[in-house]
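Engineer: For reference, the structure I am asking about is given below.
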Amino acid sequence: MCGIVGYIGDKKATPILINGLKKLEYRGYDSAGVAIFNHDDLKVVKCKGRLAALEDKMRNETLEGVLGIGHTRWATHGEPNDVNSHPHISHSGKIAVVHNGIIENYMRLKDFLESKGYEFKSETDTEVVAHLVDYNYNGDLLQAVITSLNDLEGSYALGVICKDMPEQFVAARKDSPLIVGLGKGENFIASDIPAILEHTRDIYILEDKEIVVLTKDEVKVFDIYGVEVKKEIFRVNWDVTAAEKSGYEHFMMKEMMEEPKVLRDTINPRIKDGKILLDNIKITAEDLNKIDKIYIIGCGTAYHAGVVGKYTIEKLARIPVEIDIASEFRYREPMVNERNLVIIISQSGETLDTLVALKESKKRGARILSIVNVVGSSIARESHDVLYTWAGPEIAVASTKAYNTQLAAIYLVAFELAYKKGNLSEEAYFKAIEELKNIPSGVESVLANKEEIQKFAAQHYNAKSIFFIGRGLDYALSMEGSLKLKEISYVHSEAYAGGELKHGTIALIEEGTLVICPMTQDYLLDKMISNIKEVKARGAIVMAITQEKNKEVGKVADVVVSIPDIDSKIAPIVAVTPLQLFAYYMAIQKGCDVDKPRNLAKSVTVE
Ligand code: AGP
């Protein structure tokens, strides 16, 4: 959600900014722009649309400077158009600003600045930052930024350049991600690592309310009081190819094909001598006795992984689990306390609602365990314990491999809690671990048969509305299958618990309605078969996803996608892959932009 890149060095800034912004396209955006220090002047070029439109517009411009900031905007305040695009330039033409986040008190600041004679051109909250820094500027850009930040409420990652200062620029962050790339004779800022990875692997991860001054040879970080802060260099250990398509047409397909590998990376190092080892997380039986409730919190796909967590932890460890959507949790005055464990799930580790829910829980004394993919992200840094999913960079907006690894991490936690609590016998514990180790090859065999799902999608891509029904863990899977389909193919779909259909929704089933049924839970198989019969009786076409052994499913469903005979309790990690493939092929058939679906951002860093 919004992408920022900034550069200072000896090379031309424009191509570096544009290439960097291309690497951030996955975050979602609807307009783009750059501000370049060009022949003693600040030159701003920006427009609505994709980066290609910006490049077209730039063809008529001479942009030669070696200092610049670039931005891709995902509209919040004001429609996507040329004027609302970033960078915004101050009234005097002296200050240019790019911003990710939301300035919540911008109306008040706008009134104040207007009373001082500042004229506003855009509908954005960001424009106040440009004018405010201009208002506070007295020959010292760092000081002007610090003074301005003290007046800002909300979230921001900012890049600021000043016409008087061709040899430095300033950046800052609060509740929106921003990193600093440390080069030789050149330095960078960016919203995420892929934007600068071809130039450097050494980065600073900025903390909230840190401000950084960059020259081509030096980077200095300050706190909000202007006191210099010593930062540790974080060395990125994955390479550019991990964030490239590597011959695949789409990142989403590449990322699904990586699922077996990243599952091995997430599971295998956590199993030592047949037992689970949760990195440095020490949860003793004594700790567990003090925990009377677990909350699991996330958004979107991460929330759906949490639903699997609720069912599994309650069933195996016999600890009550509440599952919450982060944006609901934070405003419902949750009754979290020091006897609770809060499990936060997030791929990016930067989702604002999830981060705020975490802080809210921490304030109330709960122990925070996060399951996060991005190393060093805000959620990881705020948590007491972190269990990283080793899914590698996930670029496609639709989360796939991250979800499979989130489930793997949840199972590791659930088995460990159940064993420590004495609710899982040693024999059952060892067996569960062995089964988990076989999961990656199960996913491999699903991926090897992806063409059958492609064929099914080719026959049904014109469907107007699709239902996903399941029971137990398959209900959680249905929610994820439905979300995936909606977000990339724009086909309306709904997920229902199998038993809930007849309480209303079955009225919508008619001749030709497509119904997708994950059915991996042995103890609920007969119930699901009855549900299939109910919808078939009303004309539905049914695709079921189930273990090979469940031959009876073929007698009721129109199409059966088989997965290997995996134990019901962990089957969702494998059974989600056909649902992801289905969404992918539907989107391809419909000609949708699979990796960058409309209106969506990869990392949702605003409310
Ligand atoms: C997944 O396909 C979605 N794009 C979205 O629901 C996502 O899972 C959600 O925004 C949470 O993101 P996070 O895991 O980075 O916190």
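If you're wondering about the labels, chains in the structure tokens are A, B, ... by order shown, residues count from 1 in each chain, ligands from 1 in order shown.
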Got a sec: who's within 10 Å of Gly422 of chain A, counting only C-alpha atoms, leaving out chain neighbours fewer than 6 positions off, as a list in words?
Structural biologist: Ala285, Leu316, Ala317, Arg318 and Glu416 of chain A
Engineer: Kindly save the residues from that selection, with all heavy atoms included, as a tab-separated table (two decimals), in the first residue's frame.
Structural biologist:
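Printed below is result34.tsv as written:
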chain	number	residue	atom	x	y	z
A	285	ALA	N	5.37	-25.95	30.86
A	285	ALA	CA	4.06	-26.43	31.33
A	285	ALA	C	3.52	-25.46	32.38
A	285	ALA	O	2.32	-25.21	32.45
A	285	ALA	CB	4.23	-27.83	31.91
A	316	LEU	N	-7.00	-30.00	20.34
A	316	LEU	CA	-5.86	-30.79	20.82
A	316	LEU	C	-5.38	-30.36	22.19
A	316	LEU	O	-5.10	-31.19	23.05
A	316	LEU	CB	-4.69	-30.69	19.83
A	316	LEU	CG	-4.93	-31.23	18.42
A	316	LEU	CD1	-3.69	-31.08	17.58
A	316	LEU	CD2	-5.36	-32.69	18.45
A	317	ALA	N	-5.25	-29.05	22.40
A	317	ALA	CA	-4.66	-28.59	23.67
A	317	ALA	C	-5.71	-28.31	24.73
A	317	ALA	O	-5.38	-28.12	25.90
A	317	ALA	CB	-3.82	-27.35	23.42
A	318	ARG	N	-6.97	-28.27	24.35
A	318	ARG	CA	-8.08	-28.00	25.26
A	318	ARG	C	-7.90	-26.67	26.00
A	318	ARG	O	-8.10	-26.57	27.21
A	318	ARG	CB	-8.29	-29.15	26.28
A	318	ARG	CG	-8.40	-30.53	25.70
A	318	ARG	CD	-9.43	-30.67	24.62
A	318	ARG	NE	-10.81	-30.52	25.05
A	318	ARG	CZ	-11.81	-30.22	24.20
A	318	ARG	NH1	-11.58	-29.99	22.92
A	318	ARG	NH2	-13.03	-30.12	24.66
A	416	GLU	N	2.69	-28.67	20.16
A	416	GLU	CA	3.56	-28.44	21.31
A	416	GLU	C	2.73	-28.11	22.55
A	416	GLU	O	2.97	-28.63	23.64
A	416	GLU	CB	4.54	-27.31	20.96
A	416	GLU	CG	5.71	-27.14	21.89
A	416	GLU	CD	6.56	-28.39	22.06
A	416	GLU	OE1	6.40	-29.36	21.29
A	416	GLU	OE2	7.37	-28.41	23.01
Engineer: Could the residues that lie within 6 Å of ligand 1, counting only C-alpha atoms and all ligand atoms, be listed as an MDAnalysis selection string?
Structural biologist: chainID A and resid 299:302 346:349 351 397:399 484 602:604
Engineer: Just the residues within 8 Å of Leu407 of chain A, please, counting only C-alpha atoms, with nothing from its chain fewer than 5 positions along; format it as a PyMOL selection string.
Structural biologist: chain A and resi 305+308-309+572-573
Engineer: Just to confirm, what's the straight-line distance from atom CA of Leu24 of chain A to atom CA of Glu207 of chain A in Å (one decimal)?
Structural biologist: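 If I compute the distance from atom CA of Leu24 of chain A to atom CA of Glu207 of chain A, I get 20.5 Å.
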Engineer: Name all residues at most 7 Å from Arg173 of chain A (count only C-alpha atoms; drop same-chain ones fewer than 6 positions away) and give them as a list in words.
Structural biologist: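 Those residues are Tyr156, Ala157, Leu158, Leu206, Asp208, Lys209, Glu210 and Ile211 of chain A.
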Engineer: I'd like to know which residues of segment 216-382 of chain A are alpha helix (DSSP H) (by DSSP, run on the backbone); could you write them as a VMD selection string?
Structural biologist: chain A and resid 251 to 257 259 to 267 285 to 290 300 to 317 326 to 329 352 to 363 378 to 382
Engineer: Which residues are close to segment 440-452 of chain A, i.e. within 8 Å by only C-alpha atoms, leaving aside same-chain residues fewer than 6 positions away? Reply as a list of chain:residue names.
Structural biologist: A:Met257, A:Glu259, A:Pro260, A:Lys261, A:Leu263, A:Arg264, A:Val561, A:Ser562, A:Ile563, A:Pro564, A:Ile566, A:Ile573, A:Val574, A:Thr577, A:Pro578, A:Leu581
Engineer: Set the distance at 9 Å and use only C-alpha atoms: which residues neighbour Tyr585 of chain A once local chain neighbours fewer than 5 positions away are removed? I'd like the list as a PyMOL selection string.
Structural biologist: chain A and resi 453-458+461+489+580+590
Engineer: Print the selection's residues with N, CA and C atoms to a file, as a compact mmCIF listing (two decimals), in the first residue's frame.
Structural biologist:
# COMPACT_ATOMS: atom_id res chain seq x y z
N ILE A 453 -7.43 -28.89 -12.49
CA ILE A 453 -8.14 -27.72 -11.96
C ILE A 453 -8.23 -26.65 -13.04
N GLN A 454 -7.17 -26.54 -13.82
CA GLN A 454 -7.17 -25.59 -14.93
C GLN A 454 -8.34 -25.90 -15.88
N LYS A 455 -8.52 -27.20 -16.14
CA LYS A 455 -9.59 -27.63 -17.05
C LYS A 455 -10.97 -27.26 -16.47
N PHE A 456 -11.12 -27.51 -15.19
CA PHE A 456 -12.40 -27.22 -14.54
C PHE A 456 -12.68 -25.71 -14.59
N ALA A 457 -11.64 -24.89 -14.33
CA ALA A 457 -11.81 -23.43 -14.36
C ALA A 457 -12.18 -22.98 -15.78
N ALA A 458 -11.56 -23.63 -16.78
CA ALA A 458 -11.84 -23.23 -18.17
C ALA A 458 -13.31 -23.49 -18.51
N TYR A 461 -15.50 -20.54 -15.92
CA TYR A 461 -15.05 -19.18 -15.57
C TYR A 461 -16.14 -18.13 -15.73
N SER A 489 -10.17 -12.92 -9.17
CA SER A 489 -10.98 -13.15 -10.39
C SER A 489 -12.22 -12.27 -10.41
N GLN A 580 -6.38 -22.47 -4.20
CA GLN A 580 -5.56 -21.36 -4.72
C GLN A 580 -5.43 -21.49 -6.24
N LYS A 590 -10.37 -15.22 -17.09
CA LYS A 590 -11.13 -13.97 -17.21
C LYS A 590 -10.24 -12.79 -17.62
Engineer: Can you tell me, as a PyMOL selection string, what residues are no more than 9 Å from Glu511 of chain A when counting only C-alpha atoms, ignoring any on the same chain fewer than 5 positions away?
Structural biologist: chain A and resi 536+538-541
Engineer: Using only C-alpha atoms, find the one residue out of A:Tyr331, A:Tyr29, A:Tyr403, A:Phe430 that sits nearest to His304 of chain A.
Structural biologist: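 For His304 of chain A, the nearest of the given residues is A:Tyr403.
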Engineer: At a cut-off of 12 Å, can you tabulate as a tab-separated table every residue of segment 1-48 of chain A near segment 79-102 of chain A together with its closest atom pair and the distance in Å to one decimal, using only C-alpha atoms and ordering rows by chain then number?
Structural biologist:
residue	atom	partner	partner_atom	distance
A:Met1	CA	A:Asn100	CA	7.6
A:Cys2	CA	A:Asn100	CA	5.6
A:Gly3	CA	A:Asn100	CA	7.1
A:Ile4	CA	A:Val98	CA	7.0
A:Val5	CA	A:Val98	CA	9.0
A:Gly6	CA	A:Val98	CA	9.3
A:Arg27	CA	A:Asn100	CA	11.4
A:Tyr29	CA	A:Pro80	CA	9.1
A:Asp30	CA	A:Pro80	CA	6.1
A:Ser31	CA	A:Ser85	CA	5.9
A:Ala32	CA	A:Ser85	CA	6.2
A:Gly33	CA	A:His86	CA	5.6
A:Val34	CA	A:Pro87	CA	6.2
A:Ala35	CA	A:Pro87	CA	6.2
A:Ile36	CA	A:Ala96	CA	9.2
A:Phe37	CA	A:Ala96	CA	9.9
A:Asp40	CA	A:Lys94	CA	11.0
A:Asp41	CA	A:Lys94	CA	8.7
A:Leu42	CA	A:Lys94	CA	7.6
A:Lys43	CA	A:Ala96	CA	9.2
A:Val44	CA	A:Pro87	CA	6.9
A:Val45	CA	A:Pro87	CA	8.2
A:Lys46	CA	A:Asp82	CA	6.2
A:Cys47	CA	A:Asp82	CA	4.2
A:Lys48	CA	A:Asn81	CA	4.7
Engineer: In Å to one decimal, how far is atom CA of Ile433 of chain A from atom CA of Tyr523 of chain A?
Structural biologist: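 Result for atom CA of Tyr523 of chain A versus atom CA of Ile433 of chain A: 21.1 Å, one decimal.
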Engineer: Atom CA of Tyr204 of chain A and atom CA of Ala380 of chain A are how many Å apart?
Structural biologist: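 Computing the Euclidean distance for atom CA of Tyr204 of chain A and atom CA of Ala380 of chain A yields 15.4 Å.
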